[in-house]
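Student: Submitted below is the structure of interest, expressed as structure tokens.
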Amino acid sequence: MELYAKVTNIELIKKISGFINEIGIECRQEQVPEDTFLPGVEIKYGSIIYDPEQLTYPGDLLHEAGHLAVLLPIDRSLANGSENLSGDLISGAAEMSAIAWSWAAKVHLQIDDEILFHSGGYKEGSGNLIKAFTECNEGGSILGVPILQWLGMTRELKSAQLPDEFTFPKMKQWLRQG
């Protein structure tokens with residue numbers, strides 16, 4: 001990896017991990033085993049651990065934070081590895097809400113779409129996700145947003161409704177409450 005790309009990656013990791021820590025999810029640098037689900041990222045009892053030497057895609061930190069953010073506080077503390085990432089939600093709902101949450105975080109942090117929805121993930125559907133979220137400002141339902149609304153974290157934009165300070169991708173709260 002060339003020096004410019006490495007420095008840029010480190011700055012991006014700092015920006016993302018700083019935000020995750022600010023909202024109340026611990027995100028820290030530490031050595032991570034090489035056999036984790038996502039390269040360079042591990043969840044340990046509600047904390048996100050990352051190894052910048054192994055972390056291929058910094059946007060993966062936001063996606064994992066999304067998984068933790070939509071859990072009830074007790075479930076968040078029990079999340080470990082790829083276990084217990086759904087809490088009281090069915091796994092599909094947990095995944096969709098984590099994807100929507102991570103898009104809202106990406107917008108908040110003003111980072112490029114491709115950093116979150118990179119070519120190495122999302123079962124080659126990154127372009128479709130970017131298109132869907134980019135077009136969601138026109139109103140209507142978008143993947144995961146109704147779940148975030150149901151959890152009290154944001155509001156879904158409906159037709160003929162004017163957006164307000166809590167309309168997706170803006171968030172009323174970044175962490176699900178008890």
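Order determines the names: the first chain of the structure tokens is A, the second B, and so forth; residues in each chain are numbered 1 upward, and ligands are numbered 1 upward as they are shown.
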Write out as JSON, numbers by chain all residues of chain A that backbone DSSP assigns to helix (DSSP H, G or I).
Tutor: {"A": [3, 4, 5, 6, 7, 8, 9, 10, 11, 12, 13, 14, 15, 16, 17, 18, 19, 20, 21, 22, 23, 59, 60, 61, 62, 63, 64, 65, 66, 67, 68, 69, 73, 74, 75, 76, 77, 78, 91, 92, 93, 94, 95, 96, 97, 98, 99, 100, 101, 102, 103, 104, 105, 106, 107, 108, 109, 113, 114, 115, 116, 122, 123, 124, 126, 127, 128, 129, 130, 131, 132, 133, 134, 135, 136, 137, 138, 145, 146, 147, 148, 149, 150]}
Student: Those residues with C-alpha atoms, as a PDB file, in the first residue's frame please?
Tutor:
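again-v9.pdb written:
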ATOM      1  CA  LEU A   3       2.154   5.862   1.858  1.00  0.00           C
ATOM      2  CA  TYR A   4      -0.587   8.344   0.822  1.00  0.00           C
ATOM      3  CA  ALA A   5      -3.259   5.632   0.881  1.00  0.00           C
ATOM      4  CA  LYS A   6      -2.043   4.367   4.274  1.00  0.00           C
ATOM      5  CA  VAL A   7      -2.069   7.877   5.821  1.00  0.00           C
ATOM      6  CA  THR A   8      -5.509   8.579   4.343  1.00  0.00           C
ATOM      7  CA  ASN A   9      -6.786   5.266   5.698  1.00  0.00           C
ATOM      8  CA  ILE A  10      -5.451   6.039   9.185  1.00  0.00           C
ATOM      9  CA  GLU A  11      -7.155   9.460   9.151  1.00  0.00           C
ATOM     10  CA  LEU A  12     -10.420   7.865   8.011  1.00  0.00           C
ATOM     11  CA  ILE A  13     -10.211   5.189  10.720  1.00  0.00           C
ATOM     12  CA  LYS A  14      -9.644   7.898  13.343  1.00  0.00           C
ATOM     13  CA  LYS A  15     -12.655   9.875  12.097  1.00  0.00           C
ATOM     14  CA  ILE A  16     -14.946   6.820  12.099  1.00  0.00           C
ATOM     15  CA  SER A  17     -13.728   5.351  15.399  1.00  0.00           C
ATOM     16  CA  GLY A  18     -13.923   8.777  17.058  1.00  0.00           C
ATOM     17  CA  PHE A  19     -17.583   9.092  16.061  1.00  0.00           C
ATOM     18  CA  ILE A  20     -18.379   5.574  17.274  1.00  0.00           C
ATOM     19  CA  ASN A  21     -16.789   6.341  20.647  1.00  0.00           C
ATOM     20  CA  GLU A  22     -18.620   9.692  20.871  1.00  0.00           C
ATOM     21  CA  ILE A  23     -22.033   8.055  20.531  1.00  0.00           C
ATOM     22  CA  GLY A  59     -16.435   1.502   6.462  1.00  0.00           C
ATOM     23  CA  ASP A  60     -16.850  -1.938   8.031  1.00  0.00           C
ATOM     24  CA  LEU A  61     -16.449  -0.206  11.410  1.00  0.00           C
ATOM     25  CA  LEU A  62     -19.646   1.758  10.730  1.00  0.00           C
ATOM     26  CA  HIS A  63     -21.559  -1.337   9.718  1.00  0.00           C
ATOM     27  CA  GLU A  64     -20.541  -3.192  12.882  1.00  0.00           C
ATOM     28  CA  ALA A  65     -21.403  -0.110  14.958  1.00  0.00           C
ATOM     29  CA  GLY A  66     -24.828  -0.179  13.296  1.00  0.00           C
ATOM     30  CA  HIS A  67     -25.336  -3.740  14.486  1.00  0.00           C
ATOM     31  CA  LEU A  68     -24.527  -2.724  18.053  1.00  0.00           C
ATOM     32  CA  ALA A  69     -26.471   0.561  17.935  1.00  0.00           C
ATOM     33  CA  PRO A  73     -28.356  -1.875  25.930  1.00  0.00           C
ATOM     34  CA  ILE A  74     -28.333  -5.300  27.632  1.00  0.00           C
ATOM     35  CA  ASP A  75     -28.092  -7.097  24.280  1.00  0.00           C
ATOM     36  CA  ARG A  76     -25.373  -4.686  23.146  1.00  0.00           C
ATOM     37  CA  SER A  77     -23.187  -5.678  26.093  1.00  0.00           C
ATOM     38  CA  LEU A  78     -23.623  -9.383  25.244  1.00  0.00           C
ATOM     39  CA  SER A  91     -31.642 -11.485  11.981  1.00  0.00           C
ATOM     40  CA  GLY A  92     -32.914  -9.937   8.719  1.00  0.00           C
ATOM     41  CA  ALA A  93     -34.324  -6.912  10.546  1.00  0.00           C
ATOM     42  CA  ALA A  94     -31.090  -6.508  12.494  1.00  0.00           C
ATOM     43  CA  GLU A  95     -29.062  -6.583   9.270  1.00  0.00           C
ATOM     44  CA  MET A  96     -31.330  -4.147   7.398  1.00  0.00           C
ATOM     45  CA  SER A  97     -31.407  -1.689  10.290  1.00  0.00           C
ATOM     46  CA  ALA A  98     -27.592  -1.879  10.644  1.00  0.00           C
ATOM     47  CA  ILE A  99     -27.247  -1.073   6.935  1.00  0.00           C
ATOM     48  CA  ALA A 100     -29.599   1.921   7.207  1.00  0.00           C
ATOM     49  CA  TRP A 101     -27.928   3.108  10.432  1.00  0.00           C
ATOM     50  CA  SER A 102     -24.501   2.930   8.827  1.00  0.00           C
ATOM     51  CA  TRP A 103     -25.734   5.023   5.862  1.00  0.00           C
ATOM     52  CA  ALA A 104     -27.011   7.688   8.270  1.00  0.00           C
ATOM     53  CA  ALA A 105     -23.618   7.663  10.015  1.00  0.00           C
ATOM     54  CA  LYS A 106     -21.828   7.920   6.655  1.00  0.00           C
ATOM     55  CA  VAL A 107     -23.944  10.966   5.766  1.00  0.00           C
ATOM     56  CA  HIS A 108     -23.317  12.504   9.200  1.00  0.00           C
ATOM     57  CA  LEU A 109     -19.551  12.012   8.834  1.00  0.00           C
ATOM     58  CA  ASP A 113     -20.527   6.250  -0.370  1.00  0.00           C
ATOM     59  CA  GLU A 114     -17.951   3.696  -1.541  1.00  0.00           C
ATOM     60  CA  ILE A 115     -16.166   3.764   1.812  1.00  0.00           C
ATOM     61  CA  LEU A 116     -19.252   2.285   3.442  1.00  0.00           C
ATOM     62  CA  TYR A 122     -22.567  -6.722   0.536  1.00  0.00           C
ATOM     63  CA  LYS A 123     -22.612  -9.722  -1.822  1.00  0.00           C
ATOM     64  CA  GLU A 124     -21.716  -7.505  -4.789  1.00  0.00           C
ATOM     65  CA  SER A 126     -22.917  -2.211  -3.048  1.00  0.00           C
ATOM     66  CA  GLY A 127     -23.922  -0.235  -6.137  1.00  0.00           C
ATOM     67  CA  ASN A 128     -27.580  -1.103  -5.635  1.00  0.00           C
ATOM     68  CA  LEU A 129     -27.433  -0.019  -1.982  1.00  0.00           C
ATOM     69  CA  ILE A 130     -25.814   3.290  -2.901  1.00  0.00           C
ATOM     70  CA  LYS A 131     -28.471   3.901  -5.554  1.00  0.00           C
ATOM     71  CA  ALA A 132     -31.325   3.005  -3.191  1.00  0.00           C
ATOM     72  CA  PHE A 133     -30.128   5.239  -0.359  1.00  0.00           C
ATOM     73  CA  THR A 134     -29.235   8.106  -2.683  1.00  0.00           C
ATOM     74  CA  GLU A 135     -32.719   8.033  -4.178  1.00  0.00           C
ATOM     75  CA  CYS A 136     -34.543   7.673  -0.836  1.00  0.00           C
ATOM     76  CA  ASN A 137     -34.717  11.445  -0.418  1.00  0.00           C
ATOM     77  CA  GLU A 138     -37.630  11.388  -2.837  1.00  0.00           C
ATOM     78  CA  VAL A 145     -35.442   2.781   7.774  1.00  0.00           C
ATOM     79  CA  PRO A 146     -38.913   1.620   8.926  1.00  0.00           C
ATOM     80  CA  ILE A 147     -37.176  -0.527  11.546  1.00  0.00           C
ATOM     81  CA  LEU A 148     -35.100   2.423  12.757  1.00  0.00           C
ATOM     82  CA  GLN A 149     -38.318   4.445  12.980  1.00  0.00           C
ATOM     83  CA  TRP A 150     -40.024   1.646  14.920  1.00  0.00           C
TER      84      TRP A 150
END
Student: Atom CA of Cys27 of chain A to atom CA of Ile49 of chain A: how many Å, to one decimal?
Tutor: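 It comes out at 5.8 Å.
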Student: Tell me, which residues of segment 12-163 of chain A carry DSSP strand (DSSP E), written as a PDB file with C-alpha atoms, in the first residue's frame?
Tutor:
ATOM      1  CA  CYS A  27     -14.188   1.380  19.452  1.00  0.00           C
ATOM      2  CA  ARG A  28     -10.507   0.771  20.052  1.00  0.00           C
ATOM      3  CA  GLN A  29      -7.349  -0.288  18.297  1.00  0.00           C
ATOM      4  CA  VAL A  41     -12.546  -6.158  12.956  1.00  0.00           C
ATOM      5  CA  GLU A  42     -13.856  -8.005  15.985  1.00  0.00           C
ATOM      6  CA  ILE A  43     -16.731  -7.420  18.386  1.00  0.00           C
ATOM      7  CA  LYS A  44     -15.991  -8.175  22.041  1.00  0.00           C
ATOM      8  CA  SER A  47     -17.027  -3.111  21.914  1.00  0.00           C
ATOM      9  CA  ILE A  48     -15.546  -2.871  18.450  1.00  0.00           C
ATOM     10  CA  ILE A  49     -11.903  -3.844  18.238  1.00  0.00           C
ATOM     11  CA  TYR A  50      -9.942  -3.082  15.083  1.00  0.00           C
TER      12      TYR A  50
END
Student: Enter the distance from atom CA of Ile111 of chain A to atom CA of Pro169 of chain A, in Å, rounded to one decimal.
Tutor: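 Separating atom CA of Ile111 of chain A from atom CA of Pro169 of chain A is a distance of 13.6 Å.
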Student: Could you check the closest approach to Ser82 of chain A for each of A:Met153, A:Pro163, A:Gly46, A:Gln31 and tell me which residue wins, using only C-alpha atoms?
Tutor: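 Under the stated criterion, the closest residue is A:Gly46.
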Student: A:Leu162, A:Phe117, A:Tyr45, A:Asp51: which is nearest Glu30 of chain A, counting only C-alpha atoms?
Tutor: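 Among the listed residues, the smallest separation from Glu30 of chain A belongs to A:Asp51.
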